[in-house]
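Heads up, work_7.cif below (mmCIF, C-alpha atoms):
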```cif
data_input
loop_
_atom_site.group_PDB
_atom_site.id
_atom_site.type_symbol
_atom_site.label_atom_id
_atom_site.label_comp_id
_atom_site.auth_asym_id
_atom_site.auth_seq_id
_atom_site.Cartn_x
_atom_site.Cartn_y
_atom_site.Cartn_z
ATOM 1 C CA MET A 184 133.979 -253.413 -45.217
ATOM 2 C CA ASP A 185 137.268 -253.058 -43.312
ATOM 3 C CA LYS A 186 136.472 -252.156 -39.702
ATOM 4 C CA LYS A 187 140.135 -251.334 -39.077
ATOM 5 C CA ILE A 188 139.873 -248.511 -41.628
ATOM 6 C CA LEU A 189 136.625 -247.296 -40.034
ATOM 7 C CA ASN A 190 138.289 -247.287 -36.613
ATOM 8 C CA GLN A 191 141.160 -245.151 -37.919
ATOM 9 C CA GLN A 192 138.752 -242.257 -38.431
ATOM 10 C CA SER A 193 139.176 -241.279 -34.788
ATOM 11 C CA GLU A 194 142.870 -240.585 -35.422
ATOM 12 C CA HIS A 195 142.049 -238.576 -38.560
ATOM 13 C CA TRP A 196 139.548 -236.383 -36.727
ATOM 14 C CA GLU A 197 141.927 -235.999 -33.780
ATOM 15 C CA SER A 198 144.648 -234.740 -36.129
ATOM 16 C CA ASN A 199 142.307 -232.276 -37.846
ATOM 17 C CA PHE A 200 140.728 -230.914 -34.677
ATOM 18 C CA SER A 201 144.092 -230.429 -32.960
ATOM 19 C CA SER A 202 145.521 -228.531 -35.952
ATOM 20 C CA LYS A 203 142.338 -226.598 -36.877
ATOM 21 C CA PRO A 204 140.621 -225.413 -33.660
ATOM 22 C CA VAL A 205 138.043 -223.399 -35.646
ATOM 23 C CA MET A 206 137.653 -225.979 -38.425
ATOM 24 C CA PHE A 207 133.907 -225.349 -38.855
ATOM 25 C CA GLY A 208 133.865 -221.733 -37.709
ATOM 26 C CA LEU A 209 132.367 -220.308 -34.543
ATOM 27 C CA GLU A 210 128.845 -219.537 -35.736
ATOM 28 C CA PRO A 211 126.081 -222.035 -34.852
ATOM 29 C CA SER A 212 124.837 -224.304 -37.607
ATOM 30 C CA TYR A 213 121.453 -223.861 -39.260
ATOM 31 C CA SER A 214 120.333 -227.104 -37.633
ATOM 32 C CA ALA A 215 121.196 -225.776 -34.157
ATOM 33 C CA LYS A 216 119.032 -222.707 -34.744
ATOM 34 C CA ILE A 217 116.100 -224.894 -35.782
ATOM 35 C CA ALA A 218 116.743 -227.244 -32.849
ATOM 36 C CA LEU A 219 116.678 -224.347 -30.388
ATOM 37 C CA GLU A 220 113.224 -223.341 -31.654
ATOM 38 C CA VAL A 221 112.039 -226.922 -31.088
ATOM 39 C CA PHE A 222 113.590 -227.025 -27.606
ATOM 40 C CA LYS A 223 111.929 -223.751 -26.607
ATOM 41 C CA LYS A 224 108.550 -224.850 -27.966
ATOM 42 C CA ASN A 225 108.763 -228.114 -25.997
ATOM 43 C CA LYS A 226 110.205 -226.498 -22.844
ATOM 44 C CA ILE A 227 113.376 -228.590 -23.149
ATOM 45 C CA LYS A 228 116.207 -227.519 -20.867
ATOM 46 C CA ASN A 229 118.664 -230.420 -20.789
ATOM 47 C CA ILE A 230 120.069 -232.204 -23.837
ATOM 48 C CA LEU A 231 122.697 -234.715 -24.872
ATOM 49 C CA GLU A 232 124.805 -233.588 -27.839
ATOM 50 C CA LEU A 233 126.524 -236.422 -29.696
ATOM 51 C CA GLY A 234 129.594 -235.718 -31.831
ATOM 52 C CA ALA A 235 129.856 -232.160 -30.543
ATOM 53 C CA GLY A 236 133.057 -231.493 -32.489
ATOM 54 C CA LEU A 237 134.579 -228.123 -31.625
ATOM 55 C CA GLY A 238 131.445 -226.974 -29.822
ATOM 56 C CA ARG A 239 129.992 -224.239 -32.018
ATOM 57 C CA ASP A 240 126.463 -225.579 -31.428
ATOM 58 C CA THR A 241 127.230 -226.521 -27.802
ATOM 59 C CA ILE A 242 128.137 -222.915 -26.985
ATOM 60 C CA PHE A 243 125.061 -221.613 -28.826
ATOM 61 C CA PHE A 244 122.693 -223.852 -26.856
ATOM 62 C CA ALA A 245 124.328 -222.946 -23.545
ATOM 63 C CA GLN A 246 124.130 -219.233 -24.353
ATOM 64 C CA ASN A 247 120.391 -219.761 -24.714
ATOM 65 C CA GLY A 248 119.934 -221.422 -21.334
ATOM 66 C CA ILE A 249 120.113 -225.073 -22.415
ATOM 67 C CA TYR A 250 122.112 -227.485 -20.242
ATOM 68 C CA VAL A 251 124.280 -229.533 -22.610
ATOM 69 C CA HIS A 252 126.138 -232.785 -22.000
ATOM 70 C CA ALA A 253 128.481 -232.789 -25.005
ATOM 71 C CA ILE A 254 130.199 -235.964 -26.209
ATOM 72 C CA ASP A 255 132.926 -236.418 -28.807
ATOM 73 C CA TYR A 256 135.522 -239.160 -29.338
ATOM 74 C CA SER A 257 138.272 -236.646 -30.109
ATOM 75 C CA LEU A 258 140.129 -235.586 -26.965
ATOM 76 C CA SER A 259 141.322 -232.419 -28.729
ATOM 77 C CA ALA A 260 137.711 -231.523 -29.510
ATOM 78 C CA THR A 261 136.451 -232.014 -25.951
ATOM 79 C CA ASN A 262 139.391 -230.015 -24.563
ATOM 80 C CA ILE A 263 138.590 -227.149 -26.938
ATOM 81 C CA ILE A 264 134.925 -227.176 -25.840
ATOM 82 C CA LYS A 265 136.014 -227.039 -22.185
ATOM 83 C CA LYS A 266 138.284 -224.097 -22.970
ATOM 84 C CA ARG A 267 135.592 -222.221 -24.881
ATOM 85 C CA SER A 268 132.937 -222.862 -22.224
ATOM 86 C CA LYS A 269 135.278 -221.380 -19.608
ATOM 87 C CA GLU A 270 136.107 -218.371 -21.809
ATOM 88 C CA ASN A 271 132.384 -217.709 -22.267
ATOM 89 C CA ASN A 272 131.512 -218.275 -18.583
ATOM 90 C CA LEU A 273 129.257 -221.170 -19.531
ATOM 91 C CA GLU A 274 130.774 -223.947 -17.429
ATOM 92 C CA LYS A 275 127.599 -224.363 -15.372
ATOM 93 C CA PHE A 276 125.654 -225.087 -18.568
ATOM 94 C CA ILE A 277 128.123 -227.433 -20.262
ATOM 95 C CA LYS A 278 129.481 -230.838 -19.292
ATOM 96 C CA VAL A 279 131.964 -232.435 -21.688
ATOM 97 C CA GLN A 280 132.886 -236.091 -22.119
ATOM 98 C CA ASN A 281 135.382 -237.902 -24.338
ATOM 99 C CA TYR A 282 133.503 -241.009 -25.491
ATOM 100 C CA ASP A 283 132.989 -243.411 -28.405
ATOM 101 C CA ILE A 284 129.266 -243.526 -29.158
ATOM 102 C CA ARG A 285 129.641 -246.978 -30.729
ATOM 103 C CA GLN A 286 129.665 -248.170 -27.132
ATOM 104 C CA LYS A 287 126.563 -248.319 -24.933
ATOM 105 C CA LEU A 288 125.837 -244.793 -23.671
ATOM 106 C CA ASN A 289 126.827 -244.525 -20.007
ATOM 107 C CA PHE A 290 123.657 -242.775 -18.839
ATOM 108 C CA ASP A 291 120.641 -243.994 -16.912
ATOM 109 C CA ASN A 292 117.304 -244.588 -18.623
ATOM 110 C CA GLN A 293 115.336 -241.395 -19.326
ATOM 111 C CA SER A 294 118.196 -239.047 -18.386
ATOM 112 C CA PHE A 295 117.619 -236.356 -21.045
ATOM 113 C CA GLN A 296 114.749 -234.428 -22.578
ATOM 114 C CA ALA A 297 116.372 -234.330 -26.021
ATOM 115 C CA CYS A 298 119.308 -235.516 -28.084
ATOM 116 C CA TYR A 299 120.996 -233.442 -30.793
ATOM 117 C CA SER A 300 123.721 -234.271 -33.291
ATOM 118 C CA HIS A 301 124.966 -232.444 -36.370
ATOM 119 C CA MET A 302 126.417 -234.871 -38.953
ATOM 120 C CA LEU A 303 127.350 -237.458 -36.319
ATOM 121 C CA PHE A 304 125.060 -240.086 -37.866
ATOM 122 C CA CYS A 305 126.824 -239.745 -41.229
ATOM 123 C CA MET A 306 130.280 -240.520 -39.858
ATOM 124 C CA ALA A 307 132.004 -243.920 -40.282
ATOM 125 C CA LEU A 308 129.161 -245.782 -38.572
ATOM 126 C CA THR A 309 127.802 -249.021 -40.006
ATOM 127 C CA ASN A 310 124.071 -249.652 -40.390
ATOM 128 C CA GLN A 311 124.236 -251.821 -37.271
ATOM 129 C CA ASN A 312 126.088 -249.081 -35.361
ATOM 130 C CA LEU A 313 123.293 -246.669 -36.297
ATOM 131 C CA LYS A 314 120.540 -249.051 -35.211
ATOM 132 C CA ASP A 315 122.303 -249.642 -31.881
ATOM 133 C CA LEU A 316 122.811 -245.902 -31.366
ATOM 134 C CA ASN A 317 119.172 -245.152 -32.155
ATOM 135 C CA LYS A 318 118.104 -247.737 -29.584
ATOM 136 C CA GLU A 319 120.410 -246.206 -26.971
ATOM 137 C CA ILE A 320 119.074 -242.712 -27.686
ATOM 138 C CA GLY A 321 115.555 -244.019 -27.155
ATOM 139 C CA ARG A 322 116.645 -245.546 -23.850
ATOM 140 C CA ILE A 323 118.211 -242.393 -22.403
ATOM 141 C CA LEU A 324 115.431 -240.032 -23.545
ATOM 142 C CA LYS A 325 112.510 -239.199 -21.297
ATOM 143 C CA LYS A 326 108.928 -239.921 -22.407
ATOM 144 C CA ASP A 327 108.086 -237.881 -25.524
ATOM 145 C CA GLY A 328 111.785 -236.958 -25.804
ATOM 146 C CA ILE A 329 113.055 -235.395 -29.020
ATOM 147 C CA ASN A 330 115.937 -236.629 -31.184
ATOM 148 C CA ILE A 331 117.227 -234.128 -33.752
ATOM 149 C CA TYR A 332 120.006 -235.122 -36.128
ATOM 150 C CA THR A 333 121.434 -234.142 -39.503
ATOM 151 C CA VAL A 334 123.010 -236.319 -42.176
ATOM 152 C CA ARG A 335 124.503 -235.823 -45.612
ATOM 153 C CA ASN A 336 122.028 -237.271 -48.079
ATOM 154 C CA GLN A 337 122.369 -239.057 -51.392
ATOM 155 C CA THR A 338 121.819 -235.915 -53.496
ATOM 156 C CA ASP A 339 125.183 -234.661 -52.168
ATOM 157 C CA GLY A 340 127.774 -234.027 -54.877
ATOM 158 C CA ASP A 341 130.281 -236.346 -53.173
ATOM 159 C CA PHE A 342 127.958 -239.356 -52.984
ATOM 160 C CA LYS A 343 129.565 -242.389 -54.663
ATOM 161 C CA LYS A 344 132.840 -240.486 -55.156
ATOM 162 C CA GLY A 345 136.166 -241.462 -53.627
ATOM 163 C CA ILE A 346 136.846 -244.882 -52.112
ATOM 164 C CA HIS A 347 133.842 -247.067 -51.342
ATOM 165 C CA ARG A 348 134.192 -248.290 -47.744
ATOM 166 C CA GLY A 349 131.095 -250.518 -47.612
ATOM 167 C CA GLU A 350 127.335 -249.956 -47.360
ATOM 168 C CA ASP A 351 126.718 -246.276 -48.273
ATOM 169 C CA MET A 352 130.094 -245.034 -47.007
ATOM 170 C CA TYR A 353 132.674 -243.296 -49.211
ATOM 171 C CA GLU A 354 136.055 -241.829 -48.311
ATOM 172 C CA MET A 355 137.386 -238.553 -49.738
ATOM 173 C CA ASN A 356 140.406 -236.617 -48.472
ATOM 174 C CA GLY A 357 140.708 -239.033 -45.569
ATOM 175 C CA PHE A 358 137.130 -238.516 -44.316
ATOM 176 C CA ILE A 359 134.594 -241.350 -44.469
ATOM 177 C CA VAL A 360 130.990 -240.212 -44.898
ATOM 178 C CA HIS A 361 127.870 -242.362 -44.597
ATOM 179 C CA TYR A 362 125.273 -241.005 -47.050
ATOM 180 C CA PHE A 363 121.575 -241.345 -46.211
ATOM 181 C CA SER A 364 118.550 -242.009 -48.384
ATOM 182 C CA GLU A 365 115.104 -241.097 -47.104
ATOM 183 C CA ASN A 366 114.474 -244.815 -46.737
ATOM 184 C CA LYS A 367 117.532 -245.173 -44.470
ATOM 185 C CA ILE A 368 116.212 -242.315 -42.313
ATOM 186 C CA LYS A 369 112.830 -244.039 -42.033
ATOM 187 C CA ASN A 370 114.506 -247.336 -41.136
ATOM 188 C CA LEU A 371 115.882 -245.592 -38.019
ATOM 189 C CA LEU A 372 112.454 -244.982 -36.520
ATOM 190 C CA ASP A 373 112.323 -247.952 -34.146
ATOM 191 C CA GLY A 374 110.799 -246.495 -30.982
ATOM 192 C CA PHE A 375 110.257 -243.075 -32.591
ATOM 193 C CA ILE A 376 107.733 -241.134 -34.651
ATOM 194 C CA ASN A 377 109.100 -238.856 -37.364
ATOM 195 C CA ILE A 378 107.981 -235.244 -37.011
ATOM 196 C CA SER A 379 109.774 -233.820 -40.032
ATOM 197 C CA ILE A 380 112.580 -234.219 -42.561
ATOM 198 C CA GLU A 381 113.946 -230.994 -44.044
ATOM 199 C CA ASN A 382 116.604 -230.861 -46.758
ATOM 200 C CA PHE A 383 119.056 -227.954 -46.673
ATOM 201 C CA ASP A 384 122.490 -226.898 -47.907
ATOM 202 C CA GLU A 385 125.561 -226.089 -45.808
ATOM 203 C CA GLY A 386 128.886 -224.578 -46.808
ATOM 204 C CA SER A 387 130.185 -223.304 -50.125
ATOM 205 C CA PHE A 388 130.381 -226.755 -51.802
ATOM 206 C CA PRO A 389 127.557 -227.063 -50.702
ATOM 207 C CA ARG A 390 126.928 -230.172 -48.628
ATOM 208 C CA LYS A 391 123.421 -231.547 -49.136
ATOM 209 C CA LEU A 392 121.920 -232.356 -45.755
ATOM 210 C CA SER A 393 118.729 -233.674 -44.221
ATOM 211 C CA LEU A 394 117.528 -232.385 -40.844
ATOM 212 C CA VAL A 395 115.537 -235.075 -39.052
ATOM 213 C CA ILE A 396 113.266 -234.457 -36.058
ATOM 214 C CA ASN A 397 111.933 -237.567 -34.279
ATOM 215 C CA LYS A 398 109.853 -237.953 -31.135
ATOM 216 C CA LYS A 399 110.061 -240.905 -28.768
ATOM 217 C CA LYS A 400 106.906 -243.027 -28.728
#
```
Since I need it in another form, could you write the structure as structure tokens?
Amino acid sequence: MDKKILNQQSEHWESNFSSKPVMFGLEPSYSAKIALEVFKKNKIKNILELGAGLGRDTIFFAQNGIYVHAIDYSLSATNIIKKRSKENNLEKFIKVQNYDIRQKLNFDNQSFQACYSHMLFCMALTNQNLKDLNKEIGRILKKDGINIYTVRNQTDGDFKKGIHRGEDMYEMNGFIVHYFSENKIKNLLDGFINISIENFDEGSFPRKLSLVINKKK
């Protein structure tokens, strides 16, 4: 596993986001719609969004009265979210930060009611990176806080295709994806109880995804 190659992913995403400002469209993801239902049911009003990308889910949450602290390690992405939040008069609901989530999260303990991320966990993150991130999410969540994330799973048509980059990571078209088994999802439950795992499709390919909802113990 060449960590230099994994680190270069930030440059690849930066290039794509800067040249394709609507790369994933403007409509919220299926996972964001499900997450909003969970947030409403649990009276959640402030969340941390990791790997917010171009902000399609960020904007959706804010439009529904959720305060979002959105993080992404692409400066182009965070600038686009700032621009879109201003255009939609949502600046009071959205705070944006350029940050590498492989570092310790710079928030106090129990700062957020929930954490949300769409396909952030299946980026070029090692198993140890994921364990460290899960621990940090548990630290910054309030008691009974909710962590909702999606990952590409091992039934995906691209699994084991392209260049193997170590562990369950494969590179195609310059993008490194970490593919999850159900066992890998369950191994990320330290400090959490799993509420549900739902498999769904996204896009025309389609991508095969798992939507994971965990609750802090």
Requested in this report: Take the PyMOL selection byres ((chain A and resi 300) around 10), apply it to the structure above, and return the hits as a PyMOL selection string.
Outcome: chain A and resi 214-215+218+231-236+240+253-254+298-299+301-304+330-334+394
Output file for the selection above: C-alpha atoms, as a short mmCIF file (atom, residue, chain, number, x, y, z; two decimals), in the frame of the given file:
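Below is the file selection-v5.cif, written as the result:
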```
data_model
loop_
_atom_site.label_atom_id
_atom_site.label_comp_id
_atom_site.auth_asym_id
_atom_site.auth_seq_id
_atom_site.Cartn_x
_atom_site.Cartn_y
_atom_site.Cartn_z
CA SER A 214 120.33 -227.10 -37.63
CA ALA A 215 121.20 -225.78 -34.16
CA ALA A 218 116.74 -227.24 -32.85
CA LEU A 231 122.70 -234.72 -24.87
CA GLU A 232 124.80 -233.59 -27.84
CA LEU A 233 126.52 -236.42 -29.70
CA GLY A 234 129.59 -235.72 -31.83
CA ALA A 235 129.86 -232.16 -30.54
CA GLY A 236 133.06 -231.49 -32.49
CA ASP A 240 126.46 -225.58 -31.43
CA ALA A 253 128.48 -232.79 -25.00
CA ILE A 254 130.20 -235.96 -26.21
CA CYS A 298 119.31 -235.52 -28.08
CA TYR A 299 121.00 -233.44 -30.79
CA HIS A 301 124.97 -232.44 -36.37
CA MET A 302 126.42 -234.87 -38.95
CA LEU A 303 127.35 -237.46 -36.32
CA PHE A 304 125.06 -240.09 -37.87
CA ASN A 330 115.94 -236.63 -31.18
CA ILE A 331 117.23 -234.13 -33.75
CA TYR A 332 120.01 -235.12 -36.13
CA THR A 333 121.43 -234.14 -39.50
CA VAL A 334 123.01 -236.32 -42.18
CA LEU A 394 117.53 -232.38 -40.84
#
```
Query - atom CA of A:Gly340 to atom CA of A:Arg285, straight-line distance in Å - result: 27.5 Å
Requested in this report: For the structure shown, which residues end up in the PyMOL selection byres ((chain A and resi 314) around 12)? Put them as a list in words, please?
Outcome: Ile284, Arg285, Lys287, Phe304, Leu308, Thr309, Asn310, Gln311, Asn312, Leu313, Asp315, Leu316, Asn317, Lys318, Glu319, Ile320, Gly321, Lys367, Ile368, Lys369, Asn370, Leu371, Leu372, Asp373 and Gly374 of chain A
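Interatomic distance, atom CA of A:Ile359 against atom CA of A:His347: 9.0 Å.
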**Report entry** Selection result of the PyMOL selection byres ((chain A and resi 275-281) around 8) on this file, as a ChimeraX atom specification
**Finding:** /A:241,245,248-258,261,264-265,268,272-274,282-283
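Nearest residue to A:Arg267, choosing from A:Pro211, A:Gly386, A:Gly238, A:Gly357 and counting only C-alpha atoms: A:Gly238.
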Query raised in the report: Pick from A:Tyr353, A:Ser212, A:Phe244, A:Gly345: nearest to A:Glu385, with only C-alpha atoms counted?
Result: A:Ser212
Query raised in the report: Mind pulling up the distance from atom CA of A:Ser393 to atom CA of A:Gln192?
Result: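 Rounded to one decimal, the two atoms are 22.5 Å apart.
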Report task. May I ask which of the residues A:Ile396, A:Met184, A:Gly349, A:Glu270 is the closest one to A:Glu381, counting all atoms listed in the file? Result ->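 Between A:Ile396, A:Met184, A:Gly349, A:Glu270, the residue approaching A:Glu381 most closely is A:Ile396.
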Query raised in the report: Which protein, DNA or RNA residues have an atom at most 12 Å from (135.9, -244.3, -50.9), counting all atoms listed in the file? List them as a count of residues only.
Result: 27
Report task. Determine, counting all atoms listed in the file, which protein, DNA and RNA residues have an atom within 6 Å of an atom of A:Asn292; residues of the same chain fewer than 2 positions away are not included. Present the result as a PyMOL selection string. Result -> chain A and resi 294+322-323
Put a box with edges along x, y and z around all the listed atoms of stretch 330-342 of chain A, pad it by 5 Å on each side, then give me its centre and sizes in Å, one decimal, as JSON.
```
{"center_x": 123.1, "center_y": -236.7, "center_z": -43.0, "size_x": 24.3, "size_y": 15.3, "size_z": 33.7}
```
Requested in this report: Pick out the residues sitting within 7 Å of A:Ile376, and hand them over as a list in words; count only C-alpha atoms, and ignore anything fewer than 3 positions along from it in its own chain.
Outcome: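 Once the adjacent positions are removed, what remains is Leu372, Asn397, Lys398, Lys399 and Lys400 of chain A.
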For the selection just defined, write its residues with C-alpha atoms to a file, as a CSV table (one decimal), keeping the file's coordinate frame.
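Output (selection-v9.csv):
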```
chain,number,residue,atom,x,y,z
A,372,LEU,CA,112.5,-245.0,-36.5
A,397,ASN,CA,111.9,-237.6,-34.3
A,398,LYS,CA,109.9,-238.0,-31.1
A,399,LYS,CA,110.1,-240.9,-28.8
A,400,LYS,CA,106.9,-243.0,-28.7
```
Which neighbours of A:Ser198 fall inside 9 Å, counting all atoms listed in the file, when residues of the same chain fewer than 5 positions from it are skipped, and could you give them as an mmCIF file with C-alpha atoms, keeping the file's coordinate frame?
```
data_model
loop_
_atom_site.group_PDB
_atom_site.id
_atom_site.type_symbol
_atom_site.label_atom_id
_atom_site.label_comp_id
_atom_site.auth_asym_id
_atom_site.auth_seq_id
_atom_site.Cartn_x
_atom_site.Cartn_y
_atom_site.Cartn_z
ATOM 1 C CA SER A 193 139.176 -241.279 -34.788
ATOM 2 C CA LYS A 203 142.338 -226.598 -36.877
ATOM 3 C CA SER A 257 138.272 -236.646 -30.109
ATOM 4 C CA SER A 259 141.322 -232.419 -28.729
#
```
Query raised in the report: Smallest atom-to-atom distance to A:Phe388: which of A:Lys226, A:Ala297, A:Asp339, A:Asp291, using all atoms listed in the file?
Result: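 Comparing A:Lys226, A:Ala297, A:Asp339, A:Asp291 against A:Phe388, the winner is A:Asp339.
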